[in-house]
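Asks: Quick one: structure below, then a few questions.
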Amino acid sequence: MKINQLKLGSILSYVSLFVSNLVVFFYTPFMLKHLGQAEYGIYALMGSFVGYLGILEFGLGNTVIRYIALFRAQGRKDKESNLIALCLMIYTLIGIICLLFGFVLYNKIDALFTSLSEPELQIARIIFIIMIVNLALSFPFNVFSSIMSGYEKFILPRAVNIIRSILMPCVMIPLLLLGYKSISIVMVQSIFNILAATINIWYVLKVLKIKIRLIYFDKSFFKDLIKYSFYVFLIALVNQIYWNTDQVILGVVSNTVAVSIFAIATQISGLYMALASSTSVLLLPRTTKMVSENANNIQLTDLLIRSARWQFIILGLILCGFFLYGRQFITLWVGSEYLEAWRIAVILMIANTIPLIQQVGVSILQAKNMHGFRSVMYLIIAIVNVIISIPLAKHLGGTGSAIGTAIGLLAGNVIGINLYYYFKLKLQISRFFKELFQGILPSVIFSALLGGGVRELPIESWFGLILKCFLYFCIYIFIMWRFGANESERGTLVAPFFKLKSTIRNKRLLSQ
C-alpha cells in the first residue's frame with residue numbers, strides 16, 4: 001500500500017509539535033528550577049549568539065529542496081546527483097569557515113558581554129565551543145534532510161523528531177538531578193543531533209539509493225544556484241536579526257535575567273511559528289511542481305487562500321487563547337517573575353500572524369525564483385529594526401525589543417510583501433484577504449469576546465486554567481464550524497470519518 005507522505009507527514013508534524021510542546025511544558029520549569037534565571041539566560045544568550053553563524057548556511061537547504069523537486073519532475077538523475085555532490089562540497093567548506101569564525105568570536109566574548117561575571121563567562125565559553133562544533137557538523141548533514149524533503153519523504157524525519165523530543169528530557173532530567181547544568185544540556189543536544197543526522201544519511205543512501213557523484217562542473221548552473229541561494233541566505237540573515245538579535249541586545253544593554261525572560265517569550269512565540277511552518281514546508285515541492293507545469297496566477301492564488309484559511313483557523317484559536325489565558329498560564333508554569341514574557345509573546349505573535357498564514361506565498365516566490373526583492377527588502381527593514389530596538393530595549397527592556405521587532409514585521413512582512421505579491425507576482429491579493437477573513441475573522445472576534453467572559457471565572461489553579469481553556473476551545477470550535485468554515489472546509493474535516501465508517505461497514509459485510 002502506497003503511503004501518502006504529504007498527508008501523513010502533515011499529521012506527524014502536528015504530532016511532533018504536540019509532543020514537543022508537552023515536553024517543553026513539563027521540562028522547562030524543571031530546567032529553570034535547576035539552572036536558575038541567570039544560567040538559563042547564559043544558555044539562551046549563547047544559543048542566540050552562535051545562531052549568527054547559522055546564516056553561513058547561505059540558504060542552500062531550500063535550494064537543494066527546490067532543485068531536487070525540479071530535477072525529479074524533469075527526470076534528470078544526472079543533474080540531481082551532480083547537485084548533491086556540489087552542495088556537499090560547499091557545505092563542508094562552510095563548516096570549516098564556521099569553525100574559523102567561531103574561533104574569532106570566542107576571543108571576543110569577554111569584550112562583548114561585559115554584564116556577565118567571570119563564572120558566567122566561563123560557562124558561556126564552554127557552551128559556545130560545543131555549539132560551534134555542533135553547528136559546523138550540521139552544515140553537511142543538512143544536505144541529506146533537504147534531499148528527503150525534495151523527494152517528499154516527510155514521515156521518517158518527523159518521526160525521528162518525535163522520538164528525539166521524548167528522549168531528550170528522559171536523559172536530561174537525571175543529569176540535572178545529579179547536579180549537571182547547562183553545559184550538559186548542550187552536550188546531550190549535540191549527541192542527539194548527530195544521531196538524527198546519521199539516520200537521515202542512512203535513509204538517503206540505502207533506502208532512496210541516491211547517487212552522489214560530481215559528474216561535471218556546470219558554471220552556468222552554479223551561478224543560478226548561488227544566485228538563488230543568496231536571496232534565501234538574506235532571508236536567513238533577516239530571521240537571525242529578528243529572532244536572535246533581541247536576546248543579544250538585552251545581553252549587552254541589560255542582564256541575563258532579562259535575556260531569560262525574553263527567551264521564555266520567544267519559546268512560546270516560536271512554538272506558535274512552528275505550528276504554522278510545520279505544514280507550509282511540505283508544500284514547497286508541490287508548489288514547485290505547479291509552477292513548473294505553468295499554473296496560472298488564479299490557481300496559485302487559490303492555493304494561497306486554501307492554505308491560509310486553514311492556518312488562520314488554527315492560529316486564531318491559539319492567539320486568542322494565549323491572549324486571554326496566557327498571564328495565568330505563565331504564572332502557574334514558570335512563576336510570576338516571568339510575567340513580562342506574556343506581554344512580549346503576545347506582541348510577537350500578533351505581528352507574526354499574517355506572515356505565517358501567507359507562507360505558501362513564499363514557496364511560490366521560491367518556486368518562481370522571484371524571491372530576490374523580498375530578501376533585500378526584509379534585510380533593510382531588519383537593520384532598521386535593530387536600530388529601533390536598541391533604544392527601546394534600554395528604556396523598556398524585553399518589551400521594547402519586542403515592539404521594535406513587531407514594527408519591522410508589520411512594515412516588511414505584511415505591507416511590503418503584499419504589495420510585491422500584487423504588483424510583481426500578479427496574485428489577487430484583494431481577493432485573498434476578502435476570502436481569508438470571510439467568516440473566520442468575525443468568528444475569531446466573537447469567540448474571543450465569549451472567551452473573555454470565561455476568563456473571569458474565579459479559579460486560579462491549574463484545574464481552573466484547563467477548565468477555562470476547554471470551555472473556550474468548545475466555544476471556538478462551535479462558532480468556527482457554524483459561521484467560520486466554508487462548506488469545502490467542513491467537508492474536508494468530516495471526510496476521514498465517513499471514509500472510516502465506510503471501511504468498517506465494508507469489513508463487516510466481507511466477514512458475514
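Residue numbering restarts at 1 for every chain of the C-alpha cells, chains are lettered A, B, ... in their displayed order, and ligands are numbered from 1 as they appear.
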Quick one: contact table of region 98-160 of chain A to region 29-53 of chain A, 9 Å max, nearest atom pair and distance in Å to one decimal per residue, counting only C-alpha atoms, chain and number order, as JSON lines?
Replies:
{"residue": "A:Cys98", "atom": "CA", "partner": "A:Leu53", "partner_atom": "CA", "distance": 6.5}
{"residue": "A:Phe101", "atom": "CA", "partner": "A:Leu53", "partner_atom": "CA", "distance": 7.8}
{"residue": "A:Gly102", "atom": "CA", "partner": "A:Leu53", "partner_atom": "CA", "distance": 7.9}
{"residue": "A:Leu116", "atom": "CA", "partner": "A:Ile42", "partner_atom": "CA", "distance": 8.7}
{"residue": "A:Glu120", "atom": "CA", "partner": "A:Ile42", "partner_atom": "CA", "distance": 7.2}
{"residue": "A:Leu121", "atom": "CA", "partner": "A:Ile42", "partner_atom": "CA", "distance": 8.5}
{"residue": "A:Ile123", "atom": "CA", "partner": "A:Ile42", "partner_atom": "CA", "distance": 7.8}
{"residue": "A:Ala124", "atom": "CA", "partner": "A:Ile42", "partner_atom": "CA", "distance": 6.3}
{"residue": "A:Arg125", "atom": "CA", "partner": "A:Met46", "partner_atom": "CA", "distance": 8.6}
{"residue": "A:Ile127", "atom": "CA", "partner": "A:Met46", "partner_atom": "CA", "distance": 6.9}
{"residue": "A:Phe128", "atom": "CA", "partner": "A:Met46", "partner_atom": "CA", "distance": 6.1}
{"residue": "A:Met131", "atom": "CA", "partner": "A:Val50", "partner_atom": "CA", "distance": 6.9}
{"residue": "A:Ile132", "atom": "CA", "partner": "A:Val50", "partner_atom": "CA", "distance": 6.7}
{"residue": "A:Leu135", "atom": "CA", "partner": "A:Leu53", "partner_atom": "CA", "distance": 8.1}
Asks: Do you know which residues are at most 12 Å from Gly397 (chain A) counting only C-alpha atoms, after dropping those on the same chain fewer than 5 positions away, and could you put them as a PyMOL selection string?
Replies: chain A and resi 246-247+249-262+340-341+343-344+389-392+402-404
Asks: Within 8 Å of region 298-300 of chain A, counting only C-alpha atoms, which residues qualify if same-chain residues fewer than 5 places away don't, as a compact mmCIF listing (two decimals) with N, CA and C atoms, in the first residue's frame?
Replies:
# COMPACT_ATOMS: atom_id res chain seq x y z
N ILE A 364 5.79 30.05 -3.36
CA ILE A 364 5.54 30.43 -4.76
C ILE A 364 6.68 31.28 -5.30
N LEU A 427 -0.56 38.12 -8.00
CA LEU A 427 -1.54 37.37 -7.23
C LEU A 427 -2.70 38.30 -6.88
N GLN A 428 -3.88 37.72 -6.70
CA GLN A 428 -5.09 38.52 -6.43
C GLN A 428 -5.20 38.76 -4.92
Asks: Expressed in Å to a single decimal, how great is the separation between CA of Glu456 (chain A) and CA of Thr331 (chain A)?
Replies: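 These atoms are spaced 16.2 Å apart.
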Asks: When distances are computed from only C-alpha atoms, which of A:Ala345, A:Ile383, A:Thr353, A:Glu80 shows the smallest separation from Gln240 (chain A)?
Replies: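 Looking only at the distances to Gln240 (chain A), the closest residue turns out to be A:Ile383.
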Asks: Any idea what's packed within 12 Å of Ala411 (chain A), counting only C-alpha atoms, ignoring anything in its chain fewer than 4 positions away? Could you give it as a PyMOL selection string?
Replies: chain A and resi 351-352+354-355+377-382+384-385+404-407+415-419
Asks: In Å, with one decimal, what is the gap from CA of Leu105 (chain A) to CA of Ser401 (chain A)?
Replies: 23.7 Å
Asks: What separation in Å, quoted to one decimal, exists between CA of Ile318 (chain A) and CA of Arg455 (chain A)?
Replies: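 Atom-to-atom, CA of Ile318 (chain A) and CA of Arg455 (chain A) are spaced 14.9 Å apart.
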Asks: Using only C-alpha atoms, which residues sit within 12 Å of Asn134 (chain A) once same-chain residues fewer than 5 positions away are excluded, as a compact mmCIF listing (two decimals) with N, CA and C atoms, in the first residue's frame?
Replies:
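Result written to result-v3.txt:
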# COMPACT_ATOMS: atom_id res chain seq x y z
N GLY A 47 23.03 30.54 22.69
CA GLY A 47 22.29 29.98 21.56
C GLY A 47 22.00 31.03 20.51
N VAL A 50 25.55 32.14 18.86
CA VAL A 50 26.04 31.16 17.89
C VAL A 50 25.13 31.12 16.67
N GLY A 51 23.85 31.43 16.88
CA GLY A 51 22.89 31.42 15.78
C GLY A 51 23.30 32.32 14.63
N LEU A 53 26.14 32.48 13.26
CA LEU A 53 26.94 31.71 12.32
C LEU A 53 26.08 30.73 11.51
N GLY A 54 24.85 30.50 11.98
CA GLY A 54 23.94 29.64 11.24
C GLY A 54 23.61 30.21 9.87
N GLY A 95 31.33 24.54 6.78
CA GLY A 95 31.58 24.04 8.14
C GLY A 95 32.95 24.45 8.64
N ILE A 96 33.95 24.37 7.76
CA ILE A 96 35.32 24.77 8.14
C ILE A 96 35.37 26.28 8.41
N CYS A 98 32.91 28.10 9.39
CA CYS A 98 32.18 28.30 10.64
C CYS A 98 33.11 28.13 11.84
N LEU A 99 33.96 27.10 11.80
CA LEU A 99 34.91 26.88 12.90
C LEU A 99 35.90 28.03 13.02
N GLY A 102 34.12 30.95 14.46
CA GLY A 102 33.88 30.64 15.86
C GLY A 102 35.08 30.93 16.73
N ILE A 127 29.99 26.53 26.56
CA ILE A 127 28.77 26.32 25.77
C ILE A 127 29.00 26.76 24.33
N PHE A 128 29.68 27.88 24.15
CA PHE A 128 29.95 28.41 22.81
C PHE A 128 30.75 27.41 21.98
N ILE A 129 31.79 26.81 22.56
CA ILE A 129 32.64 25.86 21.83
C ILE A 129 31.82 24.65 21.37
N PHE A 139 26.12 21.50 8.98
CA PHE A 139 26.03 22.00 7.60
C PHE A 139 26.00 20.88 6.57
N PRO A 140 27.01 19.99 6.52
CA PRO A 140 26.91 18.89 5.54
C PRO A 140 25.77 17.93 5.83
N PHE A 141 25.42 17.75 7.12
CA PHE A 141 24.30 16.87 7.47
C PHE A 141 22.98 17.38 6.88
N VAL A 186 23.71 21.17 26.53
CA VAL A 186 24.23 21.41 25.18
C VAL A 186 24.91 20.16 24.63
N MET A 187 25.63 19.44 25.48
CA MET A 187 26.29 18.20 25.05
C MET A 187 25.27 17.16 24.58
N VAL A 188 24.23 16.97 25.37
CA VAL A 188 23.20 15.97 25.03
C VAL A 188 22.49 16.37 23.75
N GLN A 189 22.17 17.65 23.60
CA GLN A 189 21.52 18.12 22.37
C GLN A 189 22.38 17.82 21.14
N SER A 190 23.68 18.03 21.26
CA SER A 190 24.60 17.78 20.15
C SER A 190 24.63 16.30 19.77
N ILE A 191 24.66 15.43 20.77
CA ILE A 191 24.68 13.99 20.51
C ILE A 191 23.42 13.54 19.79
N PHE A 192 22.27 14.04 20.25
CA PHE A 192 21.00 13.68 19.60
C PHE A 192 20.94 14.21 18.17
N ASN A 193 21.49 15.40 17.93
CA ASN A 193 21.50 15.95 16.58
C ASN A 193 22.32 15.08 15.64
N ILE A 194 23.45 14.60 16.11
CA ILE A 194 24.32 13.75 15.29
C ILE A 194 23.64 12.41 14.99
N LEU A 195 22.96 11.85 16.00
CA LEU A 195 22.24 10.59 15.80
C LEU A 195 21.12 10.74 14.76
N ALA A 197 20.96 12.98 12.37
CA ALA A 197 21.58 13.19 11.06
C ALA A 197 22.07 11.86 10.47
